[in-house]
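The structure appears below as structure tokens.
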Amino acid sequence: MIRARLLEEKLGSLYRAGRIVGGVYLGRGQEALSGAGGVALRKGDVFAPLIRDMAGRLAFGEPMEDALRAYLGSRLGPMKGRDGNIHRGDLSRGILPMISHLGAMVSTVSGVLMAKRMKKERGGVGLTCVGDGATSTGSFHEGLNLAAVERLPLVVVVADNGYAYSTPRERQFACVDLVDRAKGYGVAGVAVDGTDPIACGEVLHRAVERARRGEGPQLVVGTLLRLCGHGEHDDGLYIDSTMKSSGRGRDCMQVMGVQMKKMGREKDWLSWREDAFREVEEAVAKVSAEPVPDPFEEDWWATQMGSGTEVLGSS
Amino acid sequence: MGDADGFRYGGLGFLVSVTYLDAIRSAQEKALQDDPTVFIYGQDVGAFGGAFKATKNLAKRYPGRVIDSPISEDAMVGMAVGAAMEGMRPIVEMQFADFSTVGLNQMLNHAATTFWRTGKPCPMVLRLPSGGTPGSGPFHSQSMETIYSHYPGIVVMTPATVDDAYSMLLEAIAMPDPVVFCEHKLLYYHLKADALPKSAVPAFRAQVVRPGRDITCVTYSAMVHEAVAAAEELVGEGYEVEVVDLRTVKPLDTDTILASVARTGRLLAVGESWPWGGASAEVVARVASEGFELLDAPPKRLNAKDTPIPYHPNLWAAHRPTAVRIAAALREVLRY
């Protein structure tokens, strides 16, 4: 959580300083829910994060350098400058690179899980994150329904953060609570206060373990508020002030600070902060010095057939 | 061929003919047998054997590897992308090519971009029962090769013969890239060969299926047979038409096309799909820009009419290119 918050604050600064080409999308306020998902997974599991999941990514094991490489365009990153920012992933680490089309990763993670089942690899779990907006897509519906039919070990985490870009949730769906949809899909549904790190940790841990035991897909809906604009280009002025002052508007980082204090671990909290701050500065310095992509060294082949072997005629 | 269920046998118990559909079924069976990472996913493909019976008996013989999907084209393709990333070689059967529009996002934005974005392969085949048949109407007749070919990262195959249906499908399944396999429904039952092929022409090579000196007719899929019939008709008028079957529309074998036009000096490109853009437009564009000096007449295109595909056979026969319309178009170019 701390690493994600500090790294993203740095990304915001780099964006405003003109160091980042393209968009910057932050997960401010969603670190508890996202991070809990990443913590609950283990090596060999599959994670398909969305745009506000820096915390989940880092918790699952994505190196901070790789996150920065995608934003700063280092060609040493997993996407080599061919794709950027949040559209990064590393299949060798089990992190699927999201496409921008919302809901699409639900069926794709399901495919990874079906493949594992056919290969007789047991015990693996897939987890993917969406927002309240993505639940309106056909992809979300088709994917979750498919996972339910196949009874796959899939956890879908919905961050109900109040807004899809600027559209409030009442223009997105008419049900009272998205978790009510679980019953219709025939999957388990759990609601959690997305601003409470300890609650998120417990709920995600249990959901992942239920999926791992073979109890089928799990729909976890966390209620929280996006504490920033859609992207750093957006001031988020449309966010309702009564929502900001409500329970869902709490900052999970402050809640975590209080929870740590109650546990008598205030010192740990502070030293984690210092460590994370140093890690971010070192990673930025390192990645800033890395080479950028060179169009003359790019092979410009979109198919492996072309790039590795001779193809007759032209493309 | 150890296994021949679904084939017709003569009185003596040996195979008398193999249809285009038999070839597709046999290729899938061979792939299932030879490669444990191959599986088939689609609507009604399991015990039922598929809407066209392209997977007949396969679910029984390969348990757990020929799987019925929900009616969810987007999720079917998305699932295949994930399975391919995980090292499998999924074959997704769309019930009709037309329905693959619902899965376009996963194919065009996910499957097609995976290798470019990650450097990791995405080996999968999307089988599309394509093209018009009498009475099929606007939503069961479409040819989708244009849309898929426009996007980088996808191979698009359009086999016209029994041999190609078999050998190209096997090649498609073995490829590291996503392949859209456009199989023509009109050829399913009526196109026959004596046996499955023992050797194969590489899938990315176009082929001269009928040599001729006067004009080149470049086409693919079911239109190859219409073009050959048109060529036969023009023999009586003293013209020798060379018919080139593209076989694979992307990548496009420009060399074979240009070599043919170099011999004939004239070009007609025919496609069953709609006239705006597409494979036939690409052929004309490439010949015009790379082989302008080879031409003795302006190159011409012939496609279906620019309307949805009509239901009634009278209207449908006038909507698509036929041997008669192709012959008329050939005459126009020949008489220029």
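Starting from 1 in every chain, residues are counted up; chains themselves are A, B, ... following the order of the structure tokens, and ligands are numbered from 1 as listed.
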Would you list the contacts of Val125 of chain B as an MDAnalysis selection string, taking every protein, DNA or RNA residue within 6 Å and counting only C-alpha atoms, but skipping same-chain residues closer than 2 positions in sequence? chainID B and resid 91 178:180
Could you list the residues in chain B lying within 6 Å of chain A, using only C-alpha atoms, and format the result as a VMD selection string? chain B and resid 72 75 78 to 83 86 116 to 118 152 to 153 251 253 to 255
Could those residues be written to a file, using C-alpha atoms, as a PDB file, in the first residue's frame?
```pdb
ATOM      1  CA  SER B  72     -20.856 -15.700 -25.455  1.00  0.00           C
ATOM      2  CA  ALA B  75     -15.898 -14.582 -23.747  1.00  0.00           C
ATOM      3  CA  GLY B  78     -11.255 -13.993 -24.601  1.00  0.00           C
ATOM      4  CA  MET B  79     -11.011 -17.430 -23.022  1.00  0.00           C
ATOM      5  CA  ALA B  80      -8.996 -18.680 -25.992  1.00  0.00           C
ATOM      6  CA  VAL B  81      -6.565 -15.759 -25.653  1.00  0.00           C
ATOM      7  CA  GLY B  82      -5.954 -16.682 -22.025  1.00  0.00           C
ATOM      8  CA  ALA B  83      -5.573 -20.378 -22.828  1.00  0.00           C
ATOM      9  CA  GLU B  86      -0.947 -20.376 -20.978  1.00  0.00           C
ATOM     10  CA  TRP B 116       3.464  -7.314 -30.376  1.00  0.00           C
ATOM     11  CA  ARG B 117       2.902  -6.124 -26.822  1.00  0.00           C
ATOM     12  CA  THR B 118       4.407  -9.014 -24.886  1.00  0.00           C
ATOM     13  CA  PRO B 152      -2.118  -6.273 -37.707  1.00  0.00           C
ATOM     14  CA  GLY B 153      -1.218  -9.451 -35.862  1.00  0.00           C
ATOM     15  CA  PRO B 251      -0.286 -12.189 -45.547  1.00  0.00           C
ATOM     16  CA  ASP B 253       1.316 -13.343 -51.709  1.00  0.00           C
ATOM     17  CA  THR B 254       1.892 -10.331 -53.941  1.00  0.00           C
ATOM     18  CA  ASP B 255       4.729 -12.052 -55.835  1.00  0.00           C
TER      19      ASP B 255
END
```
Could you list, as a short mmCIF file (atom, residue, chain, number, x, y, z; two decimals) with C-alpha atoms, in the first residue's frame, every residue within 6 Å of segment 155-160 of chain A, counting only C-alpha atoms and ignoring same-chain residues fewer than 4 positions away?
```cif
data_model
loop_
_atom_site.label_atom_id
_atom_site.label_comp_id
_atom_site.auth_asym_id
_atom_site.auth_seq_id
_atom_site.Cartn_x
_atom_site.Cartn_y
_atom_site.Cartn_z
CA LEU A 127 -7.77 -12.76 -9.75
CA THR A 128 -8.88 -9.82 -11.81
CA CYS A 129 -9.97 -6.33 -10.86
CA VAL A 130 -12.65 -4.13 -12.39
CA GLY A 131 -14.44 -0.94 -11.43
CA ASP A 132 -18.15 -0.27 -11.10
CA PRO A 217 -15.80 -17.97 -8.72
CA GLN A 218 -15.92 -15.33 -6.02
CA LEU A 219 -17.27 -11.82 -6.55
CA VAL A 220 -15.82 -9.35 -4.06
CA VAL A 221 -17.28 -5.84 -4.09
CA GLY A 222 -15.37 -3.16 -2.21
CA THR A 223 -17.07 0.16 -1.53
#
```
Residues within 12 Å of Tyr15 of chain A, only C-alpha atoms, excluding chain neighbours under 3 positions, as a ChimeraX atom specification: /A:8-12,18-26,68,71-72,85,231-233
Closest to Val155 of chain B among B:Gly64, B:Gly103, B:Pro123, B:Gly277, using only C-alpha atoms?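 Going through B:Gly64, B:Gly103, B:Pro123, B:Gly277 one by one, the smallest distance to Val155 of chain B is for B:Pro123.
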Please, which residues of segment 61-231 of chain B, numbered as in this document, come out helix (DSSP H, G or I) from DSSP, as a ChimeraX atom specification? /B:61,73-85,97-118,145-150,162-174,185-187,223-231
What separation in Å, quoted to one decimal, exists between atom CA of Thr195 of chain A and atom CA of Arg250 of chain A?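 Spanning atom CA of Thr195 of chain A to atom CA of Arg250 of chain A is a straight-line distance of 6.1 Å.
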I'd like the neighbourhood of Glu202 of chain A as a list of chain:residue names, where a residue qualifies if any of its atoms comes within 12 Å (using only C-alpha atoms), though same-chain residues fewer than 2 positions away should be ignored. A:Ala32, A:Leu33, A:Gly35, A:Ala36, A:Gly37, A:Val39, A:Ala40, A:Val190, A:Ala191, A:Val192, A:Asp193, A:Gly194, A:Asp196, A:Pro197, A:Ile198, A:Ala199, A:Cys200, A:Leu204, A:His205, A:Arg206, A:Ala207, A:Val208, A:Glu209, A:Val220
Show me, as a PDB file with N, CA and C atoms, in the first residue's frame, the residues that have an atom within 12 Å of Lys53 of chain B when counting only C-alpha atoms, minus same-chain residues fewer than 5 positions from it.
```
ATOM      1  N   ASP B   5     -14.994 -42.115 -39.254  1.00  0.00           N
ATOM      2  CA  ASP B   5     -16.422 -41.913 -38.998  1.00  0.00           C
ATOM      3  C   ASP B   5     -16.893 -40.664 -39.701  1.00  0.00           C
ATOM      4  N   GLY B   6     -18.095 -40.678 -40.180  1.00  0.00           N
ATOM      5  CA  GLY B   6     -18.604 -39.479 -40.830  1.00  0.00           C
ATOM      6  C   GLY B   6     -18.228 -39.441 -42.311  1.00  0.00           C
ATOM      7  N   PHE B   7     -17.452 -40.389 -42.764  1.00  0.00           N
ATOM      8  CA  PHE B   7     -17.145 -40.446 -44.184  1.00  0.00           C
ATOM      9  C   PHE B   7     -18.050 -41.473 -44.851  1.00  0.00           C
ATOM     10  N   TYR B  20     -15.278 -31.175 -48.197  1.00  0.00           N
ATOM     11  CA  TYR B  20     -14.580 -30.035 -47.571  1.00  0.00           C
ATOM     12  C   TYR B  20     -14.814 -30.062 -46.059  1.00  0.00           C
ATOM     13  N   LEU B  21     -16.039 -30.377 -45.653  1.00  0.00           N
ATOM     14  CA  LEU B  21     -16.353 -30.434 -44.223  1.00  0.00           C
ATOM     15  C   LEU B  21     -15.649 -31.617 -43.548  1.00  0.00           C
ATOM     16  N   ASP B  22     -15.621 -32.770 -44.241  1.00  0.00           N
ATOM     17  CA  ASP B  22     -14.891 -33.926 -43.705  1.00  0.00           C
ATOM     18  C   ASP B  22     -13.424 -33.550 -43.459  1.00  0.00           C
ATOM     19  N   ALA B  23     -12.872 -32.798 -44.389  1.00  0.00           N
ATOM     20  CA  ALA B  23     -11.463 -32.415 -44.283  1.00  0.00           C
ATOM     21  C   ALA B  23     -11.230 -31.557 -43.035  1.00  0.00           C
ATOM     22  N   ILE B  24     -12.167 -30.648 -42.777  1.00  0.00           N
ATOM     23  CA  ILE B  24     -12.039 -29.778 -41.595  1.00  0.00           C
ATOM     24  C   ILE B  24     -12.155 -30.607 -40.318  1.00  0.00           C
ATOM     25  N   ARG B  25     -13.094 -31.536 -40.339  1.00  0.00           N
ATOM     26  CA  ARG B  25     -13.255 -32.408 -39.174  1.00  0.00           C
ATOM     27  C   ARG B  25     -12.015 -33.281 -38.978  1.00  0.00           C
ATOM     28  N   SER B  26     -11.515 -33.840 -40.078  1.00  0.00           N
ATOM     29  CA  SER B  26     -10.340 -34.717 -39.983  1.00  0.00           C
ATOM     30  C   SER B  26      -9.101 -33.962 -39.521  1.00  0.00           C
ATOM     31  N   GLN B  43     -20.003 -23.238 -29.507  1.00  0.00           N
ATOM     32  CA  GLN B  43     -21.398 -23.525 -29.183  1.00  0.00           C
ATOM     33  C   GLN B  43     -21.822 -24.844 -29.831  1.00  0.00           C
ATOM     34  N   ASP B  44     -22.333 -25.756 -29.047  1.00  0.00           N
ATOM     35  CA  ASP B  44     -22.860 -27.042 -29.533  1.00  0.00           C
ATOM     36  C   ASP B  44     -21.806 -27.951 -30.166  1.00  0.00           C
ATOM     37  N   VAL B  45     -20.530 -27.707 -29.885  1.00  0.00           N
ATOM     38  CA  VAL B  45     -19.482 -28.515 -30.541  1.00  0.00           C
ATOM     39  C   VAL B  45     -19.271 -29.863 -29.857  1.00  0.00           C
ATOM     40  N   GLY B  46     -19.777 -30.012 -28.639  1.00  0.00           N
ATOM     41  CA  GLY B  46     -19.525 -31.229 -27.861  1.00  0.00           C
ATOM     42  C   GLY B  46     -20.298 -32.432 -28.379  1.00  0.00           C
ATOM     43  N   ALA B  47     -21.123 -33.006 -27.539  1.00  0.00           N
ATOM     44  CA  ALA B  47     -21.855 -34.234 -27.910  1.00  0.00           C
ATOM     45  C   ALA B  47     -22.657 -34.048 -29.200  1.00  0.00           C
ATOM     46  N   PHE B  48     -23.160 -32.840 -29.426  1.00  0.00           N
ATOM     47  CA  PHE B  48     -23.975 -32.562 -30.619  1.00  0.00           C
ATOM     48  C   PHE B  48     -23.128 -32.572 -31.898  1.00  0.00           C
ATOM     49  N   LEU B  58     -15.997 -36.011 -32.010  1.00  0.00           N
ATOM     50  CA  LEU B  58     -14.697 -35.646 -31.420  1.00  0.00           C
ATOM     51  C   LEU B  58     -14.768 -35.554 -29.895  1.00  0.00           C
ATOM     52  N   ALA B  59     -15.899 -35.089 -29.376  1.00  0.00           N
ATOM     53  CA  ALA B  59     -16.019 -34.960 -27.909  1.00  0.00           C
ATOM     54  C   ALA B  59     -15.913 -36.332 -27.245  1.00  0.00           C
ATOM     55  N   GLU B  93     -14.722 -22.464 -32.485  1.00  0.00           N
ATOM     56  CA  GLU B  93     -15.676 -22.504 -33.600  1.00  0.00           C
ATOM     57  C   GLU B  93     -16.768 -21.478 -33.359  1.00  0.00           C
ATOM     58  N   GLN B  95     -20.381 -20.297 -34.525  1.00  0.00           N
ATOM     59  CA  GLN B  95     -21.429 -21.051 -35.199  1.00  0.00           C
ATOM     60  C   GLN B  95     -21.613 -20.533 -36.637  1.00  0.00           C
ATOM     61  N   PRO B 129     -17.433 -20.359 -40.098  1.00  0.00           N
ATOM     62  CA  PRO B 129     -18.281 -20.829 -41.201  1.00  0.00           C
ATOM     63  C   PRO B 129     -18.831 -19.605 -41.944  1.00  0.00           C
ATOM     64  N   LYS B 185     -19.258 -22.146 -46.260  1.00  0.00           N
ATOM     65  CA  LYS B 185     -20.359 -23.076 -46.013  1.00  0.00           C
ATOM     66  C   LYS B 185     -20.902 -23.709 -47.293  1.00  0.00           C
ATOM     67  N   TYR B 188     -19.067 -26.869 -47.979  1.00  0.00           N
ATOM     68  CA  TYR B 188     -19.037 -27.897 -46.934  1.00  0.00           C
ATOM     69  C   TYR B 188     -19.387 -29.306 -47.439  1.00  0.00           C
ATOM     70  N   TYR B 189     -20.546 -29.406 -48.080  1.00  0.00           N
ATOM     71  CA  TYR B 189     -21.052 -30.740 -48.414  1.00  0.00           C
ATOM     72  C   TYR B 189     -20.832 -31.121 -49.874  1.00  0.00           C
TER      73      TYR B 189
END
```
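Look at Leu128 of chain B: the protein and nucleic acid residues within 10 Å of it, using only C-alpha atoms and passing over chain neighbours fewer than 5 places away, are B:Val92, B:Glu93, B:Met94, B:Gln95, B:Phe96, B:Ala97, B:Asp98, B:Phe99, B:Ser100, B:Gln142, B:Ser143, B:Met144, B:Glu145, B:Thr158, B:Val180, B:Phe181, B:Cys182, B:Glu183, B:His184, B:Lys185.
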Any chance you could export the current selection's C-alpha atoms as a PDB file, in the first residue's frame?
```pdb
ATOM      1  CA  VAL B  92     -12.735 -21.667 -31.371  1.00  0.00           C
ATOM      2  CA  GLU B  93     -15.676 -22.504 -33.600  1.00  0.00           C
ATOM      3  CA  MET B  94     -18.051 -19.655 -34.272  1.00  0.00           C
ATOM      4  CA  GLN B  95     -21.429 -21.051 -35.199  1.00  0.00           C
ATOM      5  CA  PHE B  96     -21.548 -18.597 -38.099  1.00  0.00           C
ATOM      6  CA  ALA B  97     -18.841 -16.121 -39.152  1.00  0.00           C
ATOM      7  CA  ASP B  98     -21.439 -13.368 -38.750  1.00  0.00           C
ATOM      8  CA  PHE B  99     -21.612 -13.934 -34.974  1.00  0.00           C
ATOM      9  CA  SER B 100     -17.897 -13.358 -34.606  1.00  0.00           C
ATOM     10  CA  GLN B 142     -21.193 -12.888 -44.225  1.00  0.00           C
ATOM     11  CA  SER B 143     -17.573 -12.997 -45.328  1.00  0.00           C
ATOM     12  CA  MET B 144     -15.458 -11.454 -42.587  1.00  0.00           C
ATOM     13  CA  GLU B 145     -11.933 -11.647 -44.018  1.00  0.00           C
ATOM     14  CA  THR B 158      -9.635 -18.599 -46.995  1.00  0.00           C
ATOM     15  CA  VAL B 180      -8.855 -16.594 -38.650  1.00  0.00           C
ATOM     16  CA  PHE B 181      -9.886 -19.605 -40.721  1.00  0.00           C
ATOM     17  CA  CYS B 182     -12.681 -18.654 -43.122  1.00  0.00           C
ATOM     18  CA  GLU B 183     -14.291 -21.893 -44.294  1.00  0.00           C
ATOM     19  CA  HIS B 184     -17.004 -21.510 -46.888  1.00  0.00           C
ATOM     20  CA  LYS B 185     -20.359 -23.076 -46.013  1.00  0.00           C
TER      21      LYS B 185
END
```
Pairwise distance for atom CA of Arg320 of chain B and atom CA of Pro308 of chain B, rounded to one decimal in Å: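 Atom-to-atom, atom CA of Arg320 of chain B and atom CA of Pro308 of chain B are spaced 10.9 Å apart.
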For a quick check of understanding, using only C-alpha atoms, which of B:Asn109, B:Thr322, B:Gln28, B:Asn57 has the smallest distance to Ala227 of chain B?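 Among B:Asn109, B:Thr322, B:Gln28, B:Asn57, it is B:Thr322 that comes nearest to Ala227 of chain B.
The space between atom CA of Pro36 of chain B and atom CA of Val102 of chain B spans 28.8 Å.
Using only C-alpha atoms for every distance, the candidate list B:Pro138, B:Val284, B:Arg61, B:Thr55 yields B:Pro138 as the residue closest to Leu315 of chain B.
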Please return, as an NGL selection string, all residues of segment 73-216 of chain A that DSSP assigns to strand (DSSP E or B) on the basis of the backbone. :A and (90 or 95 or 126-131 or 154-160 or 163-164 or 167-168 or 188-193)
